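*Asks:* Below is one structure. I have some questions about it.
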Amino acid sequence: MNQYCNPCSPLMVHALEQEDFFTGRCILVNGPVIIGAGPSGLAVGAGLKQQGVPFVILDRANCIASLWQNKTYDRLKLHLPRQFCELPYFPFPENFPEYPTKYQFISYLESYAKKFEINPRFNESVHTAKYDETCGLWRVKTVSKNGSITEYICRWLVVATGENAEKVVPEFEGLQDFGEHVMHACDYKTGETYEGKNVLVVGCGNSGMEVSLDLCHHNASPSMVVRSSVHVLPREILEKSTFELGVSMMKWLPIEMVDKILLVAARLLLGNIEKYGLKRPCIGPLQLKNTEGKTPVLDIGALQKIRSGDIKIVPGIKKFSQGKVEFVNGEILEIDSVILATGYCSNVPSWLKENEFFSREGFPKSPFPNGWKGKAGLYAVGFTRKGLSGASLDAIKVSQDIGKIWKEEIKQKNQSVAVASHRRSKLPF
């Protein structure tokens with residue numbers, strides 16, 4: 001059970017640093033605080049429920065999985081087969097397709113939260129999270145929508161905000177001239193309003209490819225900026241998921257060999273994509289994912305549109321002007337709108353005041369063995385660059401680790417109570 005005090009109790013105030021005293025509400029959490037109510041946070045919550053450990057989940061949005069609900073385009077489907085996207089202890093419904101839609105995935109997550117009775121505290125944005133060595137506890141300060149401040153005090157802190165918490169918006173000369181005709185892919189829903197328009201899509205990852213494809217389906221004319229190299233693989237090889245084949249082969253073969261096999265298969269099925277302006281990296285797709293976190297594009301139809309010329313490939317951007325864009329090769333293209341499919345980044349460094357644990361880019365540093373457990377009761381889930389399946393594995397490890405400590409302490413407490421009761425029973429009155 002969580003303990004509430006308003007303001008902080010004198011005992012807690014004495015233990016905390018005086019200069020950090022504040023007049024907001026203070027909540028002592030009898031268990032971990034989990035930051036983030038997306039798939040990672042929900043999976044940790046479910047695991048802790050299995051262990052009988054109480055917890056609090058905080059999220060700045062007003063719903064679970066806000067990235068999926070509010071920041072994705074309508075046609076989005078899971079890129080991997082559903083068995084690689086399930087969260088622990090709860091499979092997808094059997095009637096779901098192999099690649100569920102975003103709406104089916106959201107429905108699954110809502111059912112997941114209901115099944116495990118997970119009730120996050122919404123509309124609470126984490127301002128700071130700091131470990132207080134004086135009392136050996138984490139102090140998490142949040143700001144609600146109405147401006148009220150709350151401080152949560154806990155022994156364990158689980159960072160589950162993921163790798164995609166904030167959109168990345170690059171700066172380009174003259175881009176401001178397009179005003180409302182510029183949007184990030186996280187705000188793009190459908191190409192219906194772009195019919196007959198010339199649209200510049202900046203970025204050639206999975207989002208850039210799929211947004212360009214969606215624009216084609218709505219009779220727009222997309223041009224996609226390809227500034228760097230990119231791996232494009234077929235989503236399936238011989239009616240089997242490319243990802244599944246890769247995972248299976250890695251059980252028996254080194255990753256370098258698996259990469260070579262996948263690239264040969266891609267060449268046979270997709271042809272030479274470099275002649276369309278899509279240069280492959282020197283490092284194989286799986287190695288690149290492991291070392292730099294760059295996910296290969298799993299083609300669902302965009303490559304055919306590139307071959308036909310419906311999606312035009314253009315080089316890097318030099319500058320924008322009114323209704324036009326100039327590329328680094330001197331070519332000028334007239335455009336009506338710009339969609340920035342330029343990716344996302346973690347926001348952890350902005351609020352976690354412990355530089356020892358996370359890099360400036362928001363990824364766990366070396367103090368995290370295998371990327372999930374740090375020092376002083378700090379855990380991370382969903383930062384191992386292995387997608388939903390990796391987040392699920394992290395969540396199981398974190399919940400079991402906390403559960404083990406929790407049960408040992410409960411056992412010791414019960415033994416102490418039993419000894420004290422036995423002593424009192426021998427008193428002569």
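Residues are named by chain letter and number: chains run A, B, ... in the order of the structure tokens, numbers start at 1 in each chain, and ligands are numbered from 1 in the order shown.
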From a DSSP calculation on the backbone, collect every residue of stretch 167-202 of chain A in strand (DSSP E or B) and output the set as a list in words.
*Replies:*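 Output for stretch 167-202 of chain A, strand (DSSP E or B) only: Lys167, Val182, Met183, His184, Asn198, Val199, Leu200, Val201 and Val202 of chain A.
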*Asks:* What would the file look like if the residues just selected were written as a short mmCIF file (atom, residue, chain, number, x, y, z; two decimals), in the first residue's frame with N, CA, C and O atoms?
*Replies:*
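Okay, this is what ended up in out30.cif:
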```cif
data_model
loop_
_atom_site.label_atom_id
_atom_site.label_comp_id
_atom_site.auth_asym_id
_atom_site.auth_seq_id
_atom_site.Cartn_x
_atom_site.Cartn_y
_atom_site.Cartn_z
N LYS A 167 10.09 13.36 -30.72
CA LYS A 167 10.38 13.43 -32.15
C LYS A 167 11.67 14.20 -32.40
O LYS A 167 12.01 15.12 -31.66
N VAL A 182 4.36 21.97 -42.89
CA VAL A 182 5.41 21.08 -42.42
C VAL A 182 4.90 20.31 -41.20
O VAL A 182 4.33 20.91 -40.28
N MET A 183 5.08 19.00 -41.20
CA MET A 183 4.71 18.22 -40.02
C MET A 183 5.66 17.05 -39.86
O MET A 183 6.32 16.61 -40.82
N HIS A 184 5.77 16.59 -38.63
CA HIS A 184 6.55 15.39 -38.36
C HIS A 184 5.66 14.17 -38.63
O HIS A 184 4.43 14.25 -38.55
N ASN A 198 2.43 17.79 -54.33
CA ASN A 198 3.82 17.36 -54.36
C ASN A 198 4.35 17.42 -52.94
O ASN A 198 4.43 18.50 -52.34
N VAL A 199 4.68 16.26 -52.36
CA VAL A 199 5.05 16.18 -50.95
C VAL A 199 6.48 15.68 -50.83
O VAL A 199 6.85 14.66 -51.42
N LEU A 200 7.28 16.40 -50.05
CA LEU A 200 8.65 15.97 -49.77
C LEU A 200 8.66 15.22 -48.45
O LEU A 200 8.29 15.76 -47.40
N VAL A 201 9.07 13.95 -48.49
CA VAL A 201 9.20 13.12 -47.29
C VAL A 201 10.68 13.04 -46.94
O VAL A 201 11.48 12.51 -47.71
N VAL A 202 11.03 13.58 -45.77
CA VAL A 202 12.44 13.62 -45.36
C VAL A 202 12.72 12.42 -44.47
O VAL A 202 12.26 12.34 -43.33
#
```
*Asks:* Could you find all residues in stretch 39-242 of chain A that DSSP calls alpha helix (DSSP H) from the backbone, and write them as a PyMOL selection string?
*Replies:* chain A and resi 39-51+66-70+102-115+206-217+242
*Asks:* Determine, counting only C-alpha atoms, which protein, DNA and RNA residues have an atom within 12 Å of an atom of stretch 402-408 of chain A; residues of the same chain fewer than 5 positions away are not included. Present the result as a PDB file with N, CA and C atoms, in the first residue's frame.
*Replies:*
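Result file follows (selection.pdb):
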```
ATOM      1  N   ASN A  30       5.407   2.103  -1.659  1.00  0.00           N
ATOM      2  CA  ASN A  30       5.865   0.844  -1.077  1.00  0.00           C
ATOM      3  C   ASN A  30       6.138  -0.157  -2.194  1.00  0.00           C
ATOM      4  N   GLY A  31       7.139   0.140  -3.002  1.00  0.00           N
ATOM      5  CA  GLY A  31       7.445  -0.660  -4.181  1.00  0.00           C
ATOM      6  C   GLY A  31       8.075   0.241  -5.228  1.00  0.00           C
ATOM      7  N   PRO A  32       8.254  -0.227  -6.469  1.00  0.00           N
ATOM      8  CA  PRO A  32       8.898   0.593  -7.491  1.00  0.00           C
ATOM      9  C   PRO A  32       7.961   1.614  -8.121  1.00  0.00           C
ATOM     10  N   VAL A  33       8.560   2.682  -8.636  1.00  0.00           N
ATOM     11  CA  VAL A  33       7.869   3.632  -9.514  1.00  0.00           C
ATOM     12  C   VAL A  33       8.321   3.332 -10.934  1.00  0.00           C
ATOM     13  N   VAL A  44       6.241  -4.574 -17.315  1.00  0.00           N
ATOM     14  CA  VAL A  44       6.843  -4.614 -15.986  1.00  0.00           C
ATOM     15  C   VAL A  44       5.749  -4.704 -14.924  1.00  0.00           C
ATOM     16  N   GLY A  45       4.688  -3.911 -15.098  1.00  0.00           N
ATOM     17  CA  GLY A  45       3.578  -3.940 -14.151  1.00  0.00           C
ATOM     18  C   GLY A  45       2.961  -5.320 -14.038  1.00  0.00           C
ATOM     19  N   ALA A  46       2.761  -5.978 -15.182  1.00  0.00           N
ATOM     20  CA  ALA A  46       2.190  -7.323 -15.162  1.00  0.00           C
ATOM     21  C   ALA A  46       3.114  -8.296 -14.442  1.00  0.00           C
ATOM     22  N   GLY A  47       4.423  -8.168 -14.683  1.00  0.00           N
ATOM     23  CA  GLY A  47       5.379  -9.045 -14.011  1.00  0.00           C
ATOM     24  C   GLY A  47       5.395  -8.833 -12.509  1.00  0.00           C
ATOM     25  N   LEU A  48       5.286  -7.585 -12.076  1.00  0.00           N
ATOM     26  CA  LEU A  48       5.259  -7.292 -10.643  1.00  0.00           C
ATOM     27  C   LEU A  48       3.971  -7.807 -10.002  1.00  0.00           C
ATOM     28  N   LYS A  49       2.871  -7.745 -10.754  1.00  0.00           N
ATOM     29  CA  LYS A  49       1.617  -8.330 -10.255  1.00  0.00           C
ATOM     30  C   LYS A  49       1.800  -9.819  -9.999  1.00  0.00           C
ATOM     31  N   GLN A  50       2.494 -10.487 -10.912  1.00  0.00           N
ATOM     32  CA  GLN A  50       2.769 -11.918 -10.757  1.00  0.00           C
ATOM     33  C   GLN A  50       3.606 -12.191  -9.502  1.00  0.00           C
ATOM     34  N   GLN A  51       4.467 -11.229  -9.162  1.00  0.00           N
ATOM     35  CA  GLN A  51       5.349 -11.382  -8.006  1.00  0.00           C
ATOM     36  C   GLN A  51       4.711 -10.890  -6.708  1.00  0.00           C
ATOM     37  N   GLY A  52       3.547 -10.251  -6.824  1.00  0.00           N
ATOM     38  CA  GLY A  52       2.879  -9.713  -5.638  1.00  0.00           C
ATOM     39  C   GLY A  52       3.502  -8.442  -5.105  1.00  0.00           C
ATOM     40  N   VAL A  53       4.166  -7.688  -5.972  1.00  0.00           N
ATOM     41  CA  VAL A  53       4.841  -6.458  -5.566  1.00  0.00           C
ATOM     42  C   VAL A  53       3.990  -5.249  -5.965  1.00  0.00           C
ATOM     43  N   PRO A  54       3.661  -4.354  -5.041  1.00  0.00           N
ATOM     44  CA  PRO A  54       2.910  -3.144  -5.397  1.00  0.00           C
ATOM     45  C   PRO A  54       3.790  -2.165  -6.169  1.00  0.00           C
ATOM     46  N   PHE A  55       3.178  -1.304  -6.957  1.00  0.00           N
ATOM     47  CA  PHE A  55       3.949  -0.366  -7.783  1.00  0.00           C
ATOM     48  C   PHE A  55       3.060   0.794  -8.200  1.00  0.00           C
ATOM     49  N   ARG A 155      12.112   3.003  -3.470  1.00  0.00           N
ATOM     50  CA  ARG A 155      13.395   2.294  -3.450  1.00  0.00           C
ATOM     51  C   ARG A 155      13.874   1.927  -4.840  1.00  0.00           C
ATOM     52  N   TRP A 156      12.922   1.631  -5.733  1.00  0.00           N
ATOM     53  CA  TRP A 156      13.274   1.193  -7.082  1.00  0.00           C
ATOM     54  C   TRP A 156      12.652   2.128  -8.116  1.00  0.00           C
ATOM     55  N   LEU A 157      13.426   2.431  -9.127  1.00  0.00           N
ATOM     56  CA  LEU A 157      12.941   3.258 -10.232  1.00  0.00           C
ATOM     57  C   LEU A 157      13.120   2.480 -11.530  1.00  0.00           C
ATOM     58  N   VAL A 158      12.032   2.315 -12.275  1.00  0.00           N
ATOM     59  CA  VAL A 158      12.068   1.600 -13.553  1.00  0.00           C
ATOM     60  C   VAL A 158      11.806   2.599 -14.675  1.00  0.00           C
ATOM     61  N   LYS A 373      19.661  -3.510 -15.823  1.00  0.00           N
ATOM     62  CA  LYS A 373      19.811  -3.269 -14.393  1.00  0.00           C
ATOM     63  C   LYS A 373      21.002  -2.375 -14.109  1.00  0.00           C
ATOM     64  N   GLY A 377      19.092   0.500  -7.331  1.00  0.00           N
ATOM     65  CA  GLY A 377      17.679   0.224  -7.578  1.00  0.00           C
ATOM     66  C   GLY A 377      17.133   0.823  -8.860  1.00  0.00           C
ATOM     67  N   LEU A 378      18.013   1.164  -9.800  1.00  0.00           N
ATOM     68  CA  LEU A 378      17.587   1.724 -11.088  1.00  0.00           C
ATOM     69  C   LEU A 378      17.534   0.627 -12.142  1.00  0.00           C
ATOM     70  N   TYR A 379      16.428   0.586 -12.879  1.00  0.00           N
ATOM     71  CA  TYR A 379      16.240  -0.398 -13.948  1.00  0.00           C
ATOM     72  C   TYR A 379      15.809   0.305 -15.225  1.00  0.00           C
ATOM     73  N   ALA A 395      11.453  -6.781 -19.227  1.00  0.00           N
ATOM     74  CA  ALA A 395      10.406  -6.645 -18.206  1.00  0.00           C
ATOM     75  C   ALA A 395      10.354  -7.856 -17.289  1.00  0.00           C
ATOM     76  N   ILE A 396      10.511  -9.037 -17.867  1.00  0.00           N
ATOM     77  CA  ILE A 396      10.498 -10.261 -17.058  1.00  0.00           C
ATOM     78  C   ILE A 396      11.674 -10.258 -16.083  1.00  0.00           C
ATOM     79  N   LYS A 397      12.869  -9.916 -16.581  1.00  0.00           N
ATOM     80  CA  LYS A 397      14.064  -9.893 -15.737  1.00  0.00           C
ATOM     81  C   LYS A 397      13.934  -8.868 -14.611  1.00  0.00           C
ATOM     82  N   LYS A 413      11.256  -9.864   7.490  1.00  0.00           N
ATOM     83  CA  LYS A 413      10.372  -9.085   8.358  1.00  0.00           C
ATOM     84  C   LYS A 413       9.458 -10.007   9.157  1.00  0.00           C
ATOM     85  N   ASN A 414       8.897 -11.003   8.489  1.00  0.00           N
ATOM     86  CA  ASN A 414       8.004 -11.943   9.173  1.00  0.00           C
ATOM     87  C   ASN A 414       8.746 -12.731  10.248  1.00  0.00           C
ATOM     88  N   GLN A 415       9.998 -13.097   9.938  1.00  0.00           N
ATOM     89  CA  GLN A 415      10.793 -13.824  10.922  1.00  0.00           C
ATOM     90  C   GLN A 415      11.083 -12.952  12.138  1.00  0.00           C
TER      91      GLN A 415
END
```
*Asks:* Find the residues near A:Val258: any atom within 12 Å, counting only C-alpha atoms, skip ones fewer than 4 places away on the same chain, and give them as a list in words.
*Replies:* Thr242, Phe243, Glu244, Leu245, Gly246, Val247, Ser248, Met249, Met250, Lys251, Trp252, Leu253, Pro254, Leu262, Leu263, Val264, Ala265, Gly284, Pro285, Leu286 and Gln287 of chain A
*Asks:* Suppose we keep all heavy atoms; can you now write the selection as a short mmCIF file (atom, residue, chain, number, x, y, z; two decimals), in the first residue's frame?
*Replies:*
```cif
data_model
loop_
_atom_site.label_atom_id
_atom_site.label_comp_id
_atom_site.auth_asym_id
_atom_site.auth_seq_id
_atom_site.Cartn_x
_atom_site.Cartn_y
_atom_site.Cartn_z
N THR A 242 11.01 -12.56 -42.54
CA THR A 242 12.47 -12.37 -42.64
C THR A 242 13.09 -12.30 -41.25
O THR A 242 14.16 -12.87 -41.01
CB THR A 242 12.77 -11.07 -43.42
OG1 THR A 242 12.21 -11.18 -44.74
CG2 THR A 242 14.27 -10.84 -43.52
N PHE A 243 12.42 -11.61 -40.35
CA PHE A 243 12.92 -11.51 -38.98
C PHE A 243 12.97 -12.89 -38.32
O PHE A 243 13.95 -13.24 -37.67
CB PHE A 243 12.02 -10.58 -38.17
CG PHE A 243 12.43 -10.43 -36.73
CD1 PHE A 243 13.45 -9.57 -36.37
CD2 PHE A 243 11.80 -11.15 -35.73
CE1 PHE A 243 13.84 -9.43 -35.05
CE2 PHE A 243 12.18 -11.02 -34.40
CZ PHE A 243 13.21 -10.16 -34.06
N GLU A 244 11.91 -13.67 -38.50
CA GLU A 244 11.87 -14.99 -37.90
C GLU A 244 12.98 -15.88 -38.45
O GLU A 244 13.63 -16.63 -37.71
CB GLU A 244 10.50 -15.63 -38.18
CG GLU A 244 10.30 -16.98 -37.52
CD GLU A 244 8.91 -17.54 -37.75
OE1 GLU A 244 8.11 -16.88 -38.43
OE2 GLU A 244 8.64 -18.64 -37.23
N LEU A 245 13.22 -15.80 -39.76
CA LEU A 245 14.30 -16.58 -40.36
C LEU A 245 15.65 -16.16 -39.80
O LEU A 245 16.50 -17.01 -39.48
CB LEU A 245 14.29 -16.40 -41.88
CG LEU A 245 13.18 -17.11 -42.65
CD1 LEU A 245 13.22 -16.71 -44.12
CD2 LEU A 245 13.31 -18.63 -42.51
N GLY A 246 15.83 -14.85 -39.65
CA GLY A 246 17.08 -14.36 -39.10
C GLY A 246 17.33 -14.85 -37.68
O GLY A 246 18.42 -15.29 -37.34
N VAL A 247 16.28 -14.77 -36.85
CA VAL A 247 16.40 -15.24 -35.46
C VAL A 247 16.71 -16.73 -35.42
O VAL A 247 17.55 -17.18 -34.62
CB VAL A 247 15.09 -14.94 -34.69
CG1 VAL A 247 15.11 -15.63 -33.33
CG2 VAL A 247 14.91 -13.43 -34.52
N SER A 248 16.05 -17.50 -36.27
CA SER A 248 16.27 -18.95 -36.29
C SER A 248 17.70 -19.29 -36.71
O SER A 248 18.36 -20.14 -36.10
CB SER A 248 15.28 -19.62 -37.25
OG SER A 248 13.95 -19.42 -36.82
N MET A 249 18.19 -18.62 -37.74
CA MET A 249 19.54 -18.91 -38.23
C MET A 249 20.61 -18.51 -37.23
O MET A 249 21.67 -19.16 -37.14
CB MET A 249 19.78 -18.21 -39.57
CG MET A 249 19.02 -18.83 -40.73
SD MET A 249 19.53 -18.17 -42.35
CE MET A 249 18.87 -16.49 -42.25
N MET A 250 20.35 -17.46 -36.45
CA MET A 250 21.36 -16.99 -35.49
C MET A 250 21.57 -17.98 -34.34
O MET A 250 22.53 -17.87 -33.60
CB MET A 250 20.96 -15.62 -34.95
CG MET A 250 21.23 -14.49 -35.94
SD MET A 250 20.73 -12.87 -35.32
CE MET A 250 21.78 -12.69 -33.90
N LYS A 251 20.66 -18.95 -34.21
CA LYS A 251 20.87 -19.99 -33.20
C LYS A 251 22.00 -20.93 -33.60
O LYS A 251 22.59 -21.60 -32.74
CB LYS A 251 19.57 -20.79 -33.00
CG LYS A 251 18.42 -19.98 -32.43
CD LYS A 251 17.16 -20.82 -32.34
CE LYS A 251 15.99 -20.01 -31.80
NZ LYS A 251 14.73 -20.81 -31.74
N TRP A 252 22.30 -20.98 -34.90
CA TRP A 252 23.27 -21.94 -35.40
C TRP A 252 24.44 -21.29 -36.13
O TRP A 252 25.51 -21.90 -36.25
CB TRP A 252 22.59 -22.93 -36.36
CG TRP A 252 21.33 -23.51 -35.81
CD1 TRP A 252 20.04 -23.14 -36.11
CD2 TRP A 252 21.21 -24.53 -34.84
NE1 TRP A 252 19.14 -23.87 -35.39
CE2 TRP A 252 19.83 -24.75 -34.59
CE3 TRP A 252 22.15 -25.31 -34.13
CZ2 TRP A 252 19.36 -25.68 -33.68
CZ3 TRP A 252 21.68 -26.25 -33.22
CH2 TRP A 252 20.30 -26.43 -33.01
N LEU A 253 24.25 -20.05 -36.60
CA LEU A 253 25.27 -19.41 -37.43
C LEU A 253 25.68 -18.08 -36.82
O LEU A 253 24.89 -17.42 -36.15
CB LEU A 253 24.73 -19.18 -38.86
CG LEU A 253 24.30 -20.41 -39.65
CD1 LEU A 253 23.62 -19.99 -40.94
CD2 LEU A 253 25.51 -21.30 -39.94
N PRO A 254 26.92 -17.63 -37.08
CA PRO A 254 27.33 -16.30 -36.63
C PRO A 254 26.53 -15.21 -37.35
O PRO A 254 26.06 -15.41 -38.48
CB PRO A 254 28.82 -16.24 -36.98
CG PRO A 254 29.00 -17.26 -38.05
CD PRO A 254 28.00 -18.34 -37.78
N LEU A 262 20.79 -13.18 -45.70
CA LEU A 262 19.64 -12.28 -45.87
C LEU A 262 19.85 -11.32 -47.04
O LEU A 262 18.91 -11.03 -47.79
CB LEU A 262 19.40 -11.49 -44.58
CG LEU A 262 18.92 -12.28 -43.36
CD1 LEU A 262 18.76 -11.35 -42.16
CD2 LEU A 262 17.60 -12.99 -43.66
N LEU A 263 21.07 -10.84 -47.20
CA LEU A 263 21.35 -9.90 -48.29
C LEU A 263 21.29 -10.59 -49.65
O LEU A 263 20.84 -10.00 -50.64
CB LEU A 263 22.71 -9.23 -48.08
CG LEU A 263 22.76 -8.24 -46.91
CD1 LEU A 263 24.19 -7.72 -46.72
CD2 LEU A 263 21.81 -7.08 -47.16
N VAL A 264 21.74 -11.84 -49.72
CA VAL A 264 21.62 -12.60 -50.98
C VAL A 264 20.15 -12.81 -51.32
O VAL A 264 19.73 -12.62 -52.48
CB VAL A 264 22.35 -13.95 -50.87
CG1 VAL A 264 22.00 -14.85 -52.06
CG2 VAL A 264 23.86 -13.75 -50.81
N ALA A 265 19.36 -13.18 -50.32
CA ALA A 265 17.93 -13.37 -50.55
C ALA A 265 17.26 -12.06 -50.98
O ALA A 265 16.41 -12.05 -51.88
CB ALA A 265 17.27 -13.91 -49.28
N GLY A 284 26.24 -5.38 -42.31
CA GLY A 284 25.01 -6.13 -42.52
C GLY A 284 23.84 -5.61 -41.69
O GLY A 284 24.04 -4.92 -40.68
N PRO A 285 22.59 -5.93 -42.06
CA PRO A 285 21.42 -5.37 -41.39
C PRO A 285 21.30 -5.73 -39.92
O PRO A 285 20.93 -4.88 -39.11
CB PRO A 285 20.25 -5.94 -42.20
CG PRO A 285 20.80 -7.12 -42.94
CD PRO A 285 22.22 -6.79 -43.20
N LEU A 286 21.60 -6.98 -39.56
CA LEU A 286 21.48 -7.38 -38.16
C LEU A 286 22.61 -6.80 -37.32
O LEU A 286 22.40 -6.36 -36.18
CB LEU A 286 21.46 -8.91 -38.04
CG LEU A 286 20.28 -9.61 -38.73
CD1 LEU A 286 20.36 -11.12 -38.52
CD2 LEU A 286 18.95 -9.07 -38.21
N GLN A 287 23.82 -6.78 -37.88
CA GLN A 287 24.95 -6.17 -37.17
C GLN A 287 24.71 -4.68 -36.96
O GLN A 287 25.00 -4.14 -35.89
CB GLN A 287 26.23 -6.37 -37.97
CG GLN A 287 26.81 -7.77 -37.93
CD GLN A 287 28.08 -7.88 -38.73
OE1 GLN A 287 28.05 -7.97 -39.95
NE2 GLN A 287 29.21 -7.86 -38.05
#
```
*Asks:* Between atom CA of A:Ile153 and atom CA of A:His127, what distance in Å does the model show, to one decimal?
*Replies:*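 Computing the Euclidean distance for atom CA of A:Ile153 and atom CA of A:His127 yields 13.9 Å.
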*Asks:* Within 12 Å of A:Val143, counting only C-alpha atoms, which residues qualify if same-chain residues fewer than 4 places away don't, as a short mmCIF file (atom, residue, chain, number, x, y, z; two decimals) with N, CA and C atoms, in the first residue's frame?
*Replies:*
```cif
data_model
loop_
_atom_site.label_atom_id
_atom_site.label_comp_id
_atom_site.auth_asym_id
_atom_site.auth_seq_id
_atom_site.Cartn_x
_atom_site.Cartn_y
_atom_site.Cartn_z
N GLY A 24 4.76 20.73 -2.24
CA GLY A 24 3.75 19.91 -2.90
C GLY A 24 3.47 18.64 -2.13
N ARG A 25 2.67 17.80 -2.74
CA ARG A 25 2.30 16.53 -2.12
C ARG A 25 3.46 15.54 -2.22
N LEU A 58 3.66 5.98 -13.78
CA LEU A 58 3.41 7.38 -14.11
C LEU A 58 3.54 7.60 -15.61
N ASP A 59 2.66 8.43 -16.17
CA ASP A 59 2.77 8.75 -17.59
C ASP A 59 2.28 10.17 -17.83
N ARG A 60 2.96 10.88 -18.70
CA ARG A 60 2.61 12.27 -18.97
C ARG A 60 1.36 12.41 -19.84
N ALA A 61 1.00 11.35 -20.56
CA ALA A 61 -0.16 11.40 -21.44
C ALA A 61 -1.43 11.05 -20.68
N ARG A 121 -1.09 6.34 -13.40
CA ARG A 121 -1.45 7.72 -13.04
C ARG A 121 -1.10 8.60 -14.24
N PHE A 122 -2.14 9.04 -14.94
CA PHE A 122 -1.94 9.79 -16.17
C PHE A 122 -1.78 11.28 -15.90
N ASN A 123 -1.35 11.98 -16.96
CA ASN A 123 -1.20 13.44 -16.93
C ASN A 123 -0.20 13.90 -15.86
N GLU A 124 0.80 13.07 -15.59
CA GLU A 124 1.86 13.43 -14.66
C GLU A 124 3.20 13.35 -15.40
N SER A 125 3.75 14.49 -15.71
CA SER A 125 5.01 14.56 -16.43
C SER A 125 6.17 14.61 -15.45
N VAL A 126 7.12 13.71 -15.62
CA VAL A 126 8.27 13.65 -14.72
C VAL A 126 9.19 14.84 -14.99
N HIS A 127 9.40 15.62 -13.96
CA HIS A 127 10.28 16.79 -14.07
C HIS A 127 11.72 16.40 -13.73
N THR A 128 11.90 15.68 -12.63
CA THR A 128 13.22 15.18 -12.26
C THR A 128 13.08 13.84 -11.55
N GLY A 147 -0.62 21.99 -13.11
CA GLY A 147 0.53 22.65 -12.52
C GLY A 147 0.90 22.18 -11.12
N SER A 148 0.12 21.28 -10.53
CA SER A 148 0.44 20.80 -9.19
C SER A 148 1.67 19.88 -9.24
N ILE A 149 2.44 19.93 -8.17
CA ILE A 149 3.70 19.17 -8.09
C ILE A 149 3.56 18.05 -7.07
N THR A 150 4.03 16.89 -7.44
CA THR A 150 4.02 15.74 -6.54
C THR A 150 5.40 15.11 -6.53
N GLU A 151 5.83 14.68 -5.36
CA GLU A 151 7.10 13.95 -5.27
C GLU A 151 6.82 12.53 -4.79
N TYR A 152 7.30 11.56 -5.57
CA TYR A 152 7.17 10.15 -5.23
C TYR A 152 8.52 9.67 -4.67
N TRP A 351 15.38 14.40 -17.67
CA TRP A 351 14.80 14.36 -16.33
C TRP A 351 15.52 13.43 -15.35
#
```
*Asks:* From the options A:Asn119, A:Ser392, A:Thr291, A:Ser223, which residue's atoms come nearest to A:Pro315, counting only C-alpha atoms?
*Replies:* A:Ser223
*Asks:* Go ahead and compute the interatomic distance for atom CA of A:Asp394 and atom CA of A:Val381, in Å to one decimal.
*Replies:*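 Result for atom CA of A:Asp394 versus atom CA of A:Val381: 5.4 Å, one decimal.
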*Asks:* Quick one: which stretch 102-182 of chain A residues come within 6 Å of stretch 341-347 of chain A, and what is the nearest atom pair for each with the distance in Å to one decimal, counting only C-alpha atoms, rows ordered by chain and ascending number, as CSV?
*Replies:*
```
residue,atom,partner,partner_atom,distance
A:Glu163,CA,A:Ser346,CA,4.6
A:Asn164,CA,A:Tyr344,CA,4.7
A:Ala165,CA,A:Ser346,CA,5.1
A:Glu166,CA,A:Cys345,CA,5.3
A:Lys167,CA,A:Tyr344,CA,4.3
A:Val168,CA,A:Tyr344,CA,5.0
```
*Asks:* Please save all heavy atoms of the selected residues as a tab-separated table (two decimals), in the first residue's frame.
*Replies:*
```
chain	number	residue	atom	x	y	z
A	163	GLU	N	12.71	4.24	-26.45
A	163	GLU	CA	13.65	4.93	-27.31
A	163	GLU	C	13.00	6.01	-28.16
A	163	GLU	O	13.69	6.77	-28.84
A	163	GLU	CB	14.34	3.91	-28.24
A	163	GLU	CG	15.02	2.77	-27.51
A	163	GLU	CD	15.38	1.61	-28.43
A	163	GLU	OE1	15.08	1.70	-29.63
A	163	GLU	OE2	15.95	0.63	-27.94
A	164	ASN	N	11.67	6.06	-28.16
A	164	ASN	CA	10.95	6.93	-29.10
A	164	ASN	C	10.06	7.94	-28.39
A	164	ASN	O	8.94	8.21	-28.84
A	164	ASN	CB	10.11	6.09	-30.06
A	164	ASN	CG	10.95	5.08	-30.83
A	164	ASN	OD1	12.03	5.41	-31.29
A	164	ASN	ND2	10.46	3.87	-30.95
A	165	ALA	N	10.53	8.51	-27.30
A	165	ALA	CA	9.69	9.40	-26.51
A	165	ALA	C	9.50	10.77	-27.15
A	165	ALA	O	8.46	11.40	-26.98
A	165	ALA	CB	10.28	9.56	-25.11
A	166	GLU	N	10.51	11.25	-27.87
A	166	GLU	CA	10.44	12.60	-28.45
A	166	GLU	C	10.77	12.55	-29.94
A	166	GLU	O	11.64	11.80	-30.38
A	166	GLU	CB	11.43	13.54	-27.75
A	166	GLU	CG	11.23	13.67	-26.26
A	166	GLU	CD	9.97	14.44	-25.90
A	166	GLU	OE1	9.39	15.09	-26.78
A	166	GLU	OE2	9.58	14.39	-24.70
A	167	LYS	N	10.09	13.36	-30.72
A	167	LYS	CA	10.38	13.43	-32.15
A	167	LYS	C	11.67	14.20	-32.40
A	167	LYS	O	12.01	15.12	-31.66
A	167	LYS	CB	9.22	14.09	-32.90
A	167	LYS	CG	8.92	15.52	-32.48
A	167	LYS	CD	7.68	16.04	-33.18
A	167	LYS	CE	7.33	17.47	-32.71
A	167	LYS	NZ	6.08	17.96	-33.33
A	168	VAL	N	12.38	13.81	-33.43
A	168	VAL	CA	13.59	14.50	-33.85
A	168	VAL	C	13.24	15.42	-35.01
A	168	VAL	O	12.73	14.96	-36.04
A	168	VAL	CB	14.69	13.51	-34.28
A	168	VAL	CG1	15.89	14.24	-34.87
A	168	VAL	CG2	15.12	12.64	-33.10
```
*Asks:* I'd like the neighbourhood of stretch 323-332 of chain A as a ChimeraX atom specification, where a residue qualifies if any of its atoms comes within 12 Å (using only C-alpha atoms), though same-chain residues fewer than 2 positions away should be ignored.
*Replies:* /A:172-179,181-182,197-202,223-227,313-321,334-338
